[in-house]
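S.K.: This one is run-v9.pdb, PDB, C-alpha atoms.
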```pdb
ATOM      1  CA  GLN A   1     -30.685 -25.966  12.093  1.00  0.00           C
ATOM      2  CA  LYS A   2     -32.700 -22.877  12.989  1.00  0.00           C
ATOM      3  CA  GLU A   3     -31.816 -23.331  16.671  1.00  0.00           C
ATOM      4  CA  MET A   4     -28.116 -23.684  15.796  1.00  0.00           C
ATOM      5  CA  LEU A   5     -28.235 -20.525  13.662  1.00  0.00           C
ATOM      6  CA  GLN A   6     -29.967 -18.650  16.474  1.00  0.00           C
ATOM      7  CA  PHE A   7     -27.313 -19.804  18.946  1.00  0.00           C
ATOM      8  CA  LEU A   8     -24.499 -18.656  16.666  1.00  0.00           C
ATOM      9  CA  VAL A   9     -25.904 -15.229  15.908  1.00  0.00           C
ATOM     10  CA  ASP A  10     -26.777 -14.636  19.549  1.00  0.00           C
ATOM     11  CA  ASN A  11     -23.151 -15.173  20.555  1.00  0.00           C
ATOM     12  CA  VAL A  12     -21.396 -12.794  18.180  1.00  0.00           C
ATOM     13  CA  PRO A  13     -20.800  -9.161  19.259  1.00  0.00           C
ATOM     14  CA  VAL A  14     -22.733  -7.656  16.344  1.00  0.00           C
ATOM     15  CA  MET A  15     -26.394  -6.926  15.723  1.00  0.00           C
ATOM     16  CA  ILE A  16     -28.088  -9.246  13.239  1.00  0.00           C
ATOM     17  CA  THR A  17     -31.523  -9.168  11.669  1.00  0.00           C
ATOM     18  CA  LEU A  18     -32.830 -11.736   9.202  1.00  0.00           C
ATOM     19  CA  VAL A  19     -35.597 -10.702   6.808  1.00  0.00           C
ATOM     20  CA  GLU A  20     -37.499 -12.664   4.159  1.00  0.00           C
ATOM     21  CA  ASP A  21     -40.057 -11.034   1.877  1.00  0.00           C
ATOM     22  CA  GLY A  22     -40.167  -8.059   4.220  1.00  0.00           C
ATOM     23  CA  GLN A  23     -40.971 -10.231   7.250  1.00  0.00           C
ATOM     24  CA  ILE A  24     -38.574 -10.362  10.185  1.00  0.00           C
ATOM     25  CA  GLN A  25     -37.571 -13.932  10.917  1.00  0.00           C
ATOM     26  CA  MET A  26     -34.966 -13.286  13.558  1.00  0.00           C
ATOM     27  CA  ILE A  27     -33.280 -10.572  15.632  1.00  0.00           C
ATOM     28  CA  ASN A  28     -30.315 -11.633  17.723  1.00  0.00           C
ATOM     29  CA  ASP A  29     -29.696 -10.848  21.379  1.00  0.00           C
ATOM     30  CA  HIS A  30     -27.171  -8.107  20.598  1.00  0.00           C
ATOM     31  CA  VAL A  31     -29.915  -6.010  18.981  1.00  0.00           C
ATOM     32  CA  GLU A  32     -31.775  -6.200  22.256  1.00  0.00           C
ATOM     33  CA  GLU A  33     -28.632  -5.341  24.246  1.00  0.00           C
ATOM     34  CA  VAL A  34     -27.853  -2.239  22.168  1.00  0.00           C
ATOM     35  CA  LEU A  35     -31.279  -0.993  21.091  1.00  0.00           C
ATOM     36  CA  GLY A  36     -33.698  -2.840  23.350  1.00  0.00           C
ATOM     37  CA  TRP A  37     -35.665  -4.153  20.365  1.00  0.00           C
ATOM     38  CA  THR A  38     -36.722  -7.795  19.968  1.00  0.00           C
ATOM     39  CA  ASP A  39     -38.584  -9.579  17.173  1.00  0.00           C
ATOM     40  CA  GLU A  40     -41.677  -9.183  19.370  1.00  0.00           C
ATOM     41  CA  HIS A  41     -41.519  -5.425  18.852  1.00  0.00           C
ATOM     42  CA  ALA A  42     -41.780  -5.686  15.078  1.00  0.00           C
ATOM     43  CA  THR A  43     -42.957  -8.285  12.584  1.00  0.00           C
ATOM     44  CA  SER A  44     -41.751  -6.665   9.349  1.00  0.00           C
ATOM     45  CA  ASP A  45     -38.771  -4.622   8.178  1.00  0.00           C
ATOM     46  CA  THR A  46     -41.122  -1.680   7.542  1.00  0.00           C
ATOM     47  CA  ASP A  47     -42.473  -1.907  11.069  1.00  0.00           C
ATOM     48  CA  LEU A  48     -38.963  -2.115  12.496  1.00  0.00           C
ATOM     49  CA  LEU A  49     -37.797   0.871  10.448  1.00  0.00           C
ATOM     50  CA  GLU A  50     -40.739   2.917  11.740  1.00  0.00           C
ATOM     51  CA  ARG A  51     -39.764   2.030  15.290  1.00  0.00           C
ATOM     52  CA  PHE A  52     -36.091   2.837  14.700  1.00  0.00           C
ATOM     53  CA  TYR A  53     -36.966   6.119  12.971  1.00  0.00           C
ATOM     54  CA  PRO A  54     -40.296   7.615  14.122  1.00  0.00           C
ATOM     55  CA  GLU A  55     -39.894  10.653  11.849  1.00  0.00           C
ATOM     56  CA  PRO A  56     -40.908  10.064   8.180  1.00  0.00           C
ATOM     57  CA  GLU A  57     -38.047  12.225   6.920  1.00  0.00           C
ATOM     58  CA  GLU A  58     -35.532  10.084   8.804  1.00  0.00           C
ATOM     59  CA  ARG A  59     -37.004   6.905   7.315  1.00  0.00           C
ATOM     60  CA  ARG A  60     -36.838   8.386   3.807  1.00  0.00           C
ATOM     61  CA  ARG A  61     -33.167   9.285   4.262  1.00  0.00           C
ATOM     62  CA  VAL A  62     -32.346   5.782   5.488  1.00  0.00           C
ATOM     63  CA  ARG A  63     -34.215   4.084   2.629  1.00  0.00           C
ATOM     64  CA  GLU A  64     -32.424   6.271   0.072  1.00  0.00           C
ATOM     65  CA  ALA A  65     -29.029   5.501   1.600  1.00  0.00           C
ATOM     66  CA  ILE A  66     -29.695   1.753   1.527  1.00  0.00           C
ATOM     67  CA  ARG A  67     -30.989   1.902  -2.029  1.00  0.00           C
ATOM     68  CA  GLU A  68     -27.983   3.895  -3.281  1.00  0.00           C
ATOM     69  CA  ALA A  69     -25.353   1.767  -1.538  1.00  0.00           C
ATOM     70  CA  PRO A  70     -26.967  -1.568  -0.594  1.00  0.00           C
ATOM     71  CA  ASP A  71     -23.681  -3.464  -0.125  1.00  0.00           C
ATOM     72  CA  GLU A  72     -21.708  -0.811   1.770  1.00  0.00           C
ATOM     73  CA  TRP A  73     -21.319  -0.114   5.471  1.00  0.00           C
ATOM     74  CA  LEU A  74     -23.555   2.845   6.319  1.00  0.00           C
ATOM     75  CA  ASP A  75     -23.729   4.837   9.559  1.00  0.00           C
ATOM     76  CA  PHE A  76     -27.181   5.283  11.106  1.00  0.00           C
ATOM     77  CA  GLN A  77     -28.650   6.446  14.414  1.00  0.00           C
ATOM     78  CA  PRO A  78     -31.630   4.195  15.152  1.00  0.00           C
ATOM     79  CA  ALA A  79     -33.656   4.881  18.258  1.00  0.00           C
ATOM     80  CA  THR A  80     -33.641   2.539  21.226  1.00  0.00           C
ATOM     81  CA  VAL A  81     -36.844   1.398  22.921  1.00  0.00           C
ATOM     82  CA  ASN A  82     -36.428   4.426  25.209  1.00  0.00           C
ATOM     83  CA  GLY A  83     -36.143   6.789  22.246  1.00  0.00           C
ATOM     84  CA  VAL A  84     -32.415   7.450  22.633  1.00  0.00           C
ATOM     85  CA  HIS A  85     -30.484   7.431  19.333  1.00  0.00           C
ATOM     86  CA  VAL A  86     -27.379   5.235  19.171  1.00  0.00           C
ATOM     87  CA  ASP A  87     -24.509   5.501  16.688  1.00  0.00           C
ATOM     88  CA  THR A  88     -24.316   2.324  14.616  1.00  0.00           C
ATOM     89  CA  THR A  89     -23.018   1.136  11.262  1.00  0.00           C
ATOM     90  CA  TRP A  90     -24.941  -1.408   9.162  1.00  0.00           C
ATOM     91  CA  LYS A  91     -24.520  -3.562   6.089  1.00  0.00           C
ATOM     92  CA  ASN A  92     -27.141  -5.646   4.278  1.00  0.00           C
ATOM     93  CA  VAL A  93     -26.031  -9.035   2.978  1.00  0.00           C
ATOM     94  CA  ARG A  94     -28.141 -10.857   0.408  1.00  0.00           C
ATOM     95  CA  LEU A  95     -28.128 -14.596   1.158  1.00  0.00           C
ATOM     96  CA  GLN A  96     -28.287 -17.297  -1.509  1.00  0.00           C
ATOM     97  CA  ASP A  97     -31.773 -18.344  -0.401  1.00  0.00           C
ATOM     98  CA  GLY A  98     -33.090 -14.843  -1.095  1.00  0.00           C
ATOM     99  CA  ARG A  99     -33.226 -13.654   2.486  1.00  0.00           C
ATOM    100  CA  THR A 100     -31.494 -10.478   3.650  1.00  0.00           C
ATOM    101  CA  MET A 101     -29.249 -10.393   6.695  1.00  0.00           C
ATOM    102  CA  GLY A 102     -28.621  -7.023   8.314  1.00  0.00           C
ATOM    103  CA  ILE A 103     -25.342  -6.778  10.241  1.00  0.00           C
ATOM    104  CA  GLY A 104     -24.904  -3.860  12.625  1.00  0.00           C
ATOM    105  CA  VAL A 105     -22.115  -2.677  14.922  1.00  0.00           C
ATOM    106  CA  ASP A 106     -22.420  -0.278  17.845  1.00  0.00           C
ATOM    107  CA  ILE A 107     -19.924   2.527  17.114  1.00  0.00           C
ATOM    108  CA  SER A 108     -21.017   4.902  19.880  1.00  0.00           C
ATOM    109  CA  ASP A 109     -17.588   4.873  21.549  1.00  0.00           C
ATOM    110  CA  ARG A 110     -15.819   5.573  18.257  1.00  0.00           C
ATOM    111  CA  LYS A 111     -18.180   8.431  17.393  1.00  0.00           C
ATOM    112  CA  GLU A 112     -17.717   9.910  20.851  1.00  0.00           C
ATOM    113  CA  ARG A 113     -13.930   9.829  20.421  1.00  0.00           C
ATOM    114  CA  GLU A 114     -14.328  11.478  17.008  1.00  0.00           C
ATOM    115  CA  ARG A 115     -16.496  14.207  18.545  1.00  0.00           C
ATOM    116  CA  GLU A 116     -13.954  14.737  21.328  1.00  0.00           C
ATOM    117  CA  LEU A 117     -11.165  14.927  18.737  1.00  0.00           C
ATOM    118  CA  ARG A 118     -13.106  17.493  16.696  1.00  0.00           C
ATOM    119  CA  ASP A 119     -13.735  19.560  19.819  1.00  0.00           C
ATOM    120  CA  SER A 120     -10.068  19.311  20.767  1.00  0.00           C
ATOM    121  CA  ASN A 121      -8.962  20.327  17.275  1.00  0.00           C
ATOM    122  CA  GLN A 122     -11.346  23.279  17.343  1.00  0.00           C
ATOM    123  CA  ARG A 123      -9.995  24.414  20.709  1.00  0.00           C
ATOM    124  CA  LEU A 124      -6.453  24.065  19.380  1.00  0.00           C
ATOM    125  CA  ARG A 125      -7.323  26.069  16.264  1.00  0.00           C
ATOM    126  CA  LEU A 126      -8.882  28.836  18.357  1.00  0.00           C
ATOM    127  CA  ALA A 127      -5.874  28.893  20.689  1.00  0.00           C
ATOM    128  CA  LEU A 128      -3.475  29.148  17.739  1.00  0.00           C
ATOM    129  CA  GLU A 129      -5.525  31.939  16.213  1.00  0.00           C
ATOM    130  CA  ALA A 130      -5.572  33.810  19.522  1.00  0.00           C
ATOM    131  CA  ALA A 131      -1.790  33.416  19.822  1.00  0.00           C
ATOM    132  CA  ASP A 132      -1.291  34.250  16.140  1.00  0.00           C
ATOM    133  CA  ALA A 133       0.827  31.090  15.815  1.00  0.00           C
ATOM    134  CA  GLY A 134       1.432  28.549  13.059  1.00  0.00           C
ATOM    135  CA  THR A 135       2.305  24.861  13.333  1.00  0.00           C
ATOM    136  CA  PHE A 136       4.960  22.652  11.799  1.00  0.00           C
ATOM    137  CA  VAL A 137       5.973  18.990  11.647  1.00  0.00           C
ATOM    138  CA  HIS A 138       9.637  18.130  11.015  1.00  0.00           C
ATOM    139  CA  ASP A 139      10.347  14.545   9.895  1.00  0.00           C
ATOM    140  CA  LEU A 140      13.788  13.719  11.305  1.00  0.00           C
ATOM    141  CA  GLN A 141      14.274  10.765   8.956  1.00  0.00           C
ATOM    142  CA  THR A 142      13.726  12.661   5.702  1.00  0.00           C
ATOM    143  CA  GLY A 143      14.366  16.253   6.816  1.00  0.00           C
ATOM    144  CA  GLN A 144      11.027  17.253   5.319  1.00  0.00           C
ATOM    145  CA  VAL A 145       9.036  19.975   7.054  1.00  0.00           C
ATOM    146  CA  TRP A 146       5.272  20.505   6.757  1.00  0.00           C
ATOM    147  CA  TRP A 147       4.141  24.076   7.440  1.00  0.00           C
ATOM    148  CA  ASP A 148       0.565  25.134   7.974  1.00  0.00           C
ATOM    149  CA  ASP A 149      -0.717  28.253   6.214  1.00  0.00           C
ATOM    150  CA  ARG A 150       0.031  30.571   9.120  1.00  0.00           C
ATOM    151  CA  SER A 151       3.658  29.433   9.348  1.00  0.00           C
ATOM    152  CA  VAL A 152       4.041  30.038   5.623  1.00  0.00           C
ATOM    153  CA  GLU A 153       2.731  33.577   6.135  1.00  0.00           C
ATOM    154  CA  LEU A 154       5.025  34.240   9.106  1.00  0.00           C
ATOM    155  CA  PHE A 155       8.176  33.429   7.126  1.00  0.00           C
ATOM    156  CA  GLY A 156       6.914  34.910   3.887  1.00  0.00           C
ATOM    157  CA  PHE A 157       7.431  31.600   2.106  1.00  0.00           C
ATOM    158  CA  ASP A 158       5.858  30.568  -1.152  1.00  0.00           C
ATOM    159  CA  LEU A 159       5.807  26.780  -0.896  1.00  0.00           C
ATOM    160  CA  ASP A 160       5.233  26.468  -4.639  1.00  0.00           C
ATOM    161  CA  SER A 161       8.767  27.727  -5.180  1.00  0.00           C
ATOM    162  CA  HIS A 162      10.476  26.838  -1.872  1.00  0.00           C
ATOM    163  CA  LYS A 163      11.614  23.359  -0.912  1.00  0.00           C
ATOM    164  CA  GLN A 164       9.822  21.967   2.120  1.00  0.00           C
ATOM    165  CA  ASP A 165      12.778  20.970   4.267  1.00  0.00           C
ATOM    166  CA  SER A 166      14.797  22.403   7.126  1.00  0.00           C
ATOM    167  CA  GLU A 167      17.299  23.988   4.740  1.00  0.00           C
ATOM    168  CA  VAL A 168      14.722  26.597   3.798  1.00  0.00           C
ATOM    169  CA  LEU A 169      15.257  28.351   7.141  1.00  0.00           C
ATOM    170  CA  LYS A 170      18.802  29.234   6.120  1.00  0.00           C
ATOM    171  CA  GLU A 171      17.305  31.569   3.532  1.00  0.00           C
ATOM    172  CA  VAL A 172      15.558  33.751   6.109  1.00  0.00           C
ATOM    173  CA  VAL A 173      17.174  33.337   9.558  1.00  0.00           C
ATOM    174  CA  PHE A 174      19.873  35.847  10.531  1.00  0.00           C
ATOM    175  CA  ASP A 175      23.321  34.264  10.197  1.00  0.00           C
ATOM    176  CA  GLU A 176      24.255  35.111  13.798  1.00  0.00           C
ATOM    177  CA  ASP A 177      21.028  33.423  15.027  1.00  0.00           C
ATOM    178  CA  LEU A 178      21.138  30.387  12.728  1.00  0.00           C
ATOM    179  CA  GLU A 179      23.961  28.579  14.520  1.00  0.00           C
ATOM    180  CA  ARG A 180      22.226  29.028  17.877  1.00  0.00           C
ATOM    181  CA  LEU A 181      18.962  27.736  16.375  1.00  0.00           C
ATOM    182  CA  GLU A 182      20.651  24.653  14.905  1.00  0.00           C
ATOM    183  CA  GLU A 183      22.477  23.871  18.174  1.00  0.00           C
ATOM    184  CA  THR A 184      19.260  24.166  20.187  1.00  0.00           C
ATOM    185  CA  PHE A 185      17.426  21.908  17.740  1.00  0.00           C
ATOM    186  CA  VAL A 186      20.140  19.216  17.686  1.00  0.00           C
ATOM    187  CA  GLU A 187      20.443  19.248  21.478  1.00  0.00           C
ATOM    188  CA  ALA A 188      16.666  18.904  21.881  1.00  0.00           C
ATOM    189  CA  VAL A 189      16.576  15.908  19.523  1.00  0.00           C
ATOM    190  CA  GLU A 190      19.529  14.213  21.246  1.00  0.00           C
ATOM    191  CA  GLU A 191      17.886  14.680  24.643  1.00  0.00           C
ATOM    192  CA  ARG A 192      14.424  13.818  23.253  1.00  0.00           C
ATOM    193  CA  ALA A 193      13.166  16.989  24.886  1.00  0.00           C
ATOM    194  CA  SER A 194       9.492  17.055  25.769  1.00  0.00           C
ATOM    195  CA  ARG A 195       9.597  20.833  25.308  1.00  0.00           C
ATOM    196  CA  PHE A 196      12.112  23.348  24.043  1.00  0.00           C
ATOM    197  CA  GLU A 197      11.951  26.838  22.584  1.00  0.00           C
ATOM    198  CA  ILE A 198      14.120  29.545  21.100  1.00  0.00           C
ATOM    199  CA  SER A 199      13.606  32.990  19.561  1.00  0.00           C
ATOM    200  CA  PHE A 200      15.451  34.236  16.504  1.00  0.00           C
ATOM    201  CA  ARG A 201      15.323  36.944  13.866  1.00  0.00           C
ATOM    202  CA  ILE A 202      14.326  36.484  10.249  1.00  0.00           C
ATOM    203  CA  ARG A 203      14.104  38.518   7.077  1.00  0.00           C
ATOM    204  CA  ARG A 204      10.830  37.510   5.549  1.00  0.00           C
ATOM    205  CA  ALA A 205      11.281  35.779   2.219  1.00  0.00           C
ATOM    206  CA  ASP A 206       8.694  37.893   0.422  1.00  0.00           C
ATOM    207  CA  ASP A 207       9.228  41.491   1.593  1.00  0.00           C
ATOM    208  CA  GLY A 208      12.480  41.345   3.598  1.00  0.00           C
ATOM    209  CA  ALA A 209      10.779  42.617   6.757  1.00  0.00           C
ATOM    210  CA  ILE A 210      12.720  41.847   9.941  1.00  0.00           C
ATOM    211  CA  ARG A 211      10.656  39.838  12.424  1.00  0.00           C
ATOM    212  CA  TYR A 212      11.266  37.997  15.688  1.00  0.00           C
ATOM    213  CA  ILE A 213      10.008  34.396  15.699  1.00  0.00           C
ATOM    214  CA  ARG A 214       9.413  32.264  18.767  1.00  0.00           C
ATOM    215  CA  PHE A 215       9.950  28.613  17.900  1.00  0.00           C
ATOM    216  CA  ALA A 216       8.649  26.006  20.402  1.00  0.00           C
ATOM    217  CA  GLY A 217       8.558  22.274  19.886  1.00  0.00           C
ATOM    218  CA  THR A 218       8.529  18.747  21.290  1.00  0.00           C
ATOM    219  CA  VAL A 219      10.390  15.652  20.126  1.00  0.00           C
ATOM    220  CA  LEU A 220       8.374  12.519  19.384  1.00  0.00           C
ATOM    221  CA  GLY A 221       9.814   9.010  19.238  1.00  0.00           C
ATOM    222  CA  GLY A 222       9.140   6.143  16.866  1.00  0.00           C
ATOM    223  CA  GLU A 223       8.249   2.557  17.761  1.00  0.00           C
ATOM    224  CA  ASN A 224      11.859   1.752  18.725  1.00  0.00           C
ATOM    225  CA  GLY A 225      12.172   4.911  20.792  1.00  0.00           C
ATOM    226  CA  THR A 226      14.412   6.683  18.282  1.00  0.00           C
ATOM    227  CA  PRO A 227      13.413  10.352  17.752  1.00  0.00           C
ATOM    228  CA  SER A 228      11.285  10.482  14.618  1.00  0.00           C
ATOM    229  CA  ARG A 229       9.538  13.859  14.500  1.00  0.00           C
ATOM    230  CA  VAL A 230       9.550  17.318  15.981  1.00  0.00           C
ATOM    231  CA  ILE A 231       6.230  19.111  16.146  1.00  0.00           C
ATOM    232  CA  GLY A 232       5.576  22.595  17.381  1.00  0.00           C
ATOM    233  CA  ILE A 233       4.613  26.176  16.707  1.00  0.00           C
ATOM    234  CA  ASN A 234       6.033  29.307  15.125  1.00  0.00           C
ATOM    235  CA  GLN A 235       4.887  32.605  16.617  1.00  0.00           C
ATOM    236  CA  ASP A 236       5.660  36.159  15.569  1.00  0.00           C
ATOM    237  CA  VAL A 237       6.682  37.985  18.766  1.00  0.00           C
ATOM    238  CA  THR A 238       8.077  41.126  17.139  1.00  0.00           C
ATOM    239  CA  GLU A 239       5.654  43.532  18.843  1.00  0.00           C
ATOM    240  CA  ARG A 240       6.239  41.868  22.188  1.00  0.00           C
ATOM    241  CA  ARG A 241      10.026  42.235  21.813  1.00  0.00           C
ATOM    242  CA  GLN A 242       9.610  45.883  20.819  1.00  0.00           C
ATOM    243  CA  ARG A 243       7.505  46.576  23.923  1.00  0.00           C
TER
END
```
Is it possible to express this structure as structure tokens?
M.R.:
Amino acid sequence: QKEMLQFLVDNVPVMITLVEDGQIQMINDHVEEVLGWTDEHATSDTDLLERFYPEPEERRRVREAIREAPDEWLDFQPATVNGVHVDTTWKNVRLQDGRTMGIGVDISDRKERERELRDSNQRLRLALEAADAGTFVHDLQTGQVWWDDRSVELFGFDLDSHKQDSEVLKEVVFDEDLERLEETFVEAVEERASRFEISFRIRRADDGAIRYIRFAGTVLGGENGTPSRVIGINQDVTERRQR
């Protein structure tokens, strides 16, 4: 039975440790593949924890996390045999016979994608700030529009009192520019344009100031290929037009 259990746990793509009364009974092959550790490296869960986390403060943080949420998936960065920390997520399962099974998954790729996404978002935020631009998302199915804070400022909107749909633009865009804006938007959606832009004049909703807005967007399709959203930026180009 022990050999069968060992075979099963060695052939699943997760890390598994089996502990009884603080003594390590088994570590599967995937632990060795990811972290380099085997049951020969440690004989107890305390010993293994010291090897995973050489620094006492790290071990204290891990013990507290396990104690506070023993049945939840928790992200940790145990050290490999070579001392390199790997992103993993673990859950302890209490078995009926009193033993504890630790189940771990290597999430290094996911964490790396999250870090890349954060870096990308930060670069985008900095680029928008440098361009003094705001963003928007227009849902073509519902007509609802989501404005970020900068877009709200550009148009002088107060979203607590303004409806968040495309009709709100009619309140601020010059009448002689509105038709051209609507035609450009409809044509872009029909052609599923990867990029389109137009400039128009507005009277800000709050103070009536006349401003020139550059509106640039791209049309995104749904699962069936039908246009579903338009995303893009709003940029105040008044000073540029004046120059």
S.K.: Can you report as lines of an AutoDock Vina configuration file the centre and edge lengths in Å, to one decimal, of an axis-aligned box around the listed atoms of stretch 198-213 of chain A padded with 5 Å on each side?
M.R.:
```
center_x = 12.1
center_y = 36.1
center_z = 10.8
size_x = 16.8
size_y = 23.1
size_z = 30.7
```
S.K.: With a distance cut-off of 6 Å and only C-alpha atoms, select the neighbouring residues of stretch 170-185 of chain A, excluding the residue or stretch itself and same-chain residues fewer than 3 positions from it, and output the selection as JSON, numbers by chain.
M.R.: {"A": [167, 188, 200, 201, 202, 203]}
S.K.: Determine the residue membership of the PyMOL selection byres ((chain A and resi 207-222) around 8) for the file above and supply it as a PyMOL selection string.
M.R.: chain A and resi 156+188-189+192-206+223-238+241
S.K.: To one decimal in Å, tell me the separation between atom CA of A:Ile66 and atom CA of A:Gly98.
M.R.: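 We find that atom CA of A:Ile66 and atom CA of A:Gly98 lie 17.1 Å from each other.
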S.K.: Would you kindly translate the PyMOL selection byres ((chain A and resi 150) around 10) into the concrete residues it picks from this file, as an mmCIF file with C-alpha atoms, in the coordinates of the input?
M.R.:
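As a result, selection13.cif now contains:
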```cif
data_model
loop_
_atom_site.group_PDB
_atom_site.id
_atom_site.type_symbol
_atom_site.label_atom_id
_atom_site.label_comp_id
_atom_site.auth_asym_id
_atom_site.auth_seq_id
_atom_site.Cartn_x
_atom_site.Cartn_y
_atom_site.Cartn_z
ATOM 1 C CA LEU A 128 -3.475 29.148 17.739
ATOM 2 C CA GLU A 129 -5.525 31.939 16.213
ATOM 3 C CA ASP A 132 -1.291 34.250 16.140
ATOM 4 C CA ALA A 133 0.827 31.090 15.815
ATOM 5 C CA GLY A 134 1.432 28.549 13.059
ATOM 6 C CA THR A 135 2.305 24.861 13.333
ATOM 7 C CA PHE A 136 4.960 22.652 11.799
ATOM 8 C CA TRP A 147 4.141 24.076 7.440
ATOM 9 C CA ASP A 148 0.565 25.134 7.974
ATOM 10 C CA ASP A 149 -0.717 28.253 6.214
ATOM 11 C CA SER A 151 3.658 29.433 9.348
ATOM 12 C CA VAL A 152 4.041 30.038 5.623
ATOM 13 C CA GLU A 153 2.731 33.577 6.135
ATOM 14 C CA LEU A 154 5.025 34.240 9.106
ATOM 15 C CA PHE A 155 8.176 33.429 7.126
ATOM 16 C CA GLY A 156 6.914 34.910 3.887
ATOM 17 C CA ILE A 233 4.613 26.176 16.707
ATOM 18 C CA ASN A 234 6.033 29.307 15.125
ATOM 19 C CA GLN A 235 4.887 32.605 16.617
#
```
S.K.: Write out as a list in words which residues come within 7 Å of stretch 49-59 of chain A when counting only C-alpha atoms, dropping same-chain ones fewer than 2 positions away.
M.R.: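 Listing them by chain and then by number gives Asp45, Thr46, Asp47, Arg61, Val62, Arg63, Pro78, Ala79 and Thr80 of chain A.
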S.K.: On this structure, the PyMOL selection byres ((chain A and resi 111) around 12) would catch which residues? List them as a list in words, sorted by chain and number.
M.R.: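 Applying the expression gives Asp75, Phe76, Gln77, Val86, Asp87, Thr88, Thr89, Asp106, Ile107, Ser108, Asp109, Arg110, Glu112, Arg113, Glu114, Arg115, Glu116, Leu117 and Arg118 of chain A.
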S.K.: Go ahead and save the picked residues with C-alpha atoms, as a CSV table (one decimal), in the coordinates of the input.
M.R.:
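For reference, part_5.csv as written:
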```
chain,number,residue,atom,x,y,z
A,75,ASP,CA,-23.7,4.8,9.6
A,76,PHE,CA,-27.2,5.3,11.1
A,77,GLN,CA,-28.6,6.4,14.4
A,86,VAL,CA,-27.4,5.2,19.2
A,87,ASP,CA,-24.5,5.5,16.7
A,88,THR,CA,-24.3,2.3,14.6
A,89,THR,CA,-23.0,1.1,11.3
A,106,ASP,CA,-22.4,-0.3,17.8
A,107,ILE,CA,-19.9,2.5,17.1
A,108,SER,CA,-21.0,4.9,19.9
A,109,ASP,CA,-17.6,4.9,21.5
A,110,ARG,CA,-15.8,5.6,18.3
A,112,GLU,CA,-17.7,9.9,20.9
A,113,ARG,CA,-13.9,9.8,20.4
A,114,GLU,CA,-14.3,11.5,17.0
A,115,ARG,CA,-16.5,14.2,18.5
A,116,GLU,CA,-14.0,14.7,21.3
A,117,LEU,CA,-11.2,14.9,18.7
A,118,ARG,CA,-13.1,17.5,16.7
```
S.K.: Have a look at atom CA of A:Val12 and atom CA of A:Leu95 and let me know their distance in Å, one decimal.
M.R.: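 Answer for the atom CA of A:Val12 to atom CA of A:Leu95 separation: 18.4 Å.
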S.K.: What does the distance between atom CA of A:Gly83 and atom CA of A:Arg99 come to in Å, to one decimal place?
M.R.: 28.6 Å
S.K.: Which residue gives the smallest distance to A:Gln164 among A:His138, A:Glu187, A:Val31, A:Gln23, with all atoms listed in the file counted?
M.R.: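 Comparing A:His138, A:Glu187, A:Val31, A:Gln23 against A:Gln164, the winner is A:His138.
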S.K.: When distances are computed from all atoms listed in the file, which of A:Ala69, A:Ile103, A:Ile16, A:Leu35 shows the smallest separation from A:Asn82?
M.R.: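 Under the stated criterion, the closest residue is A:Leu35.
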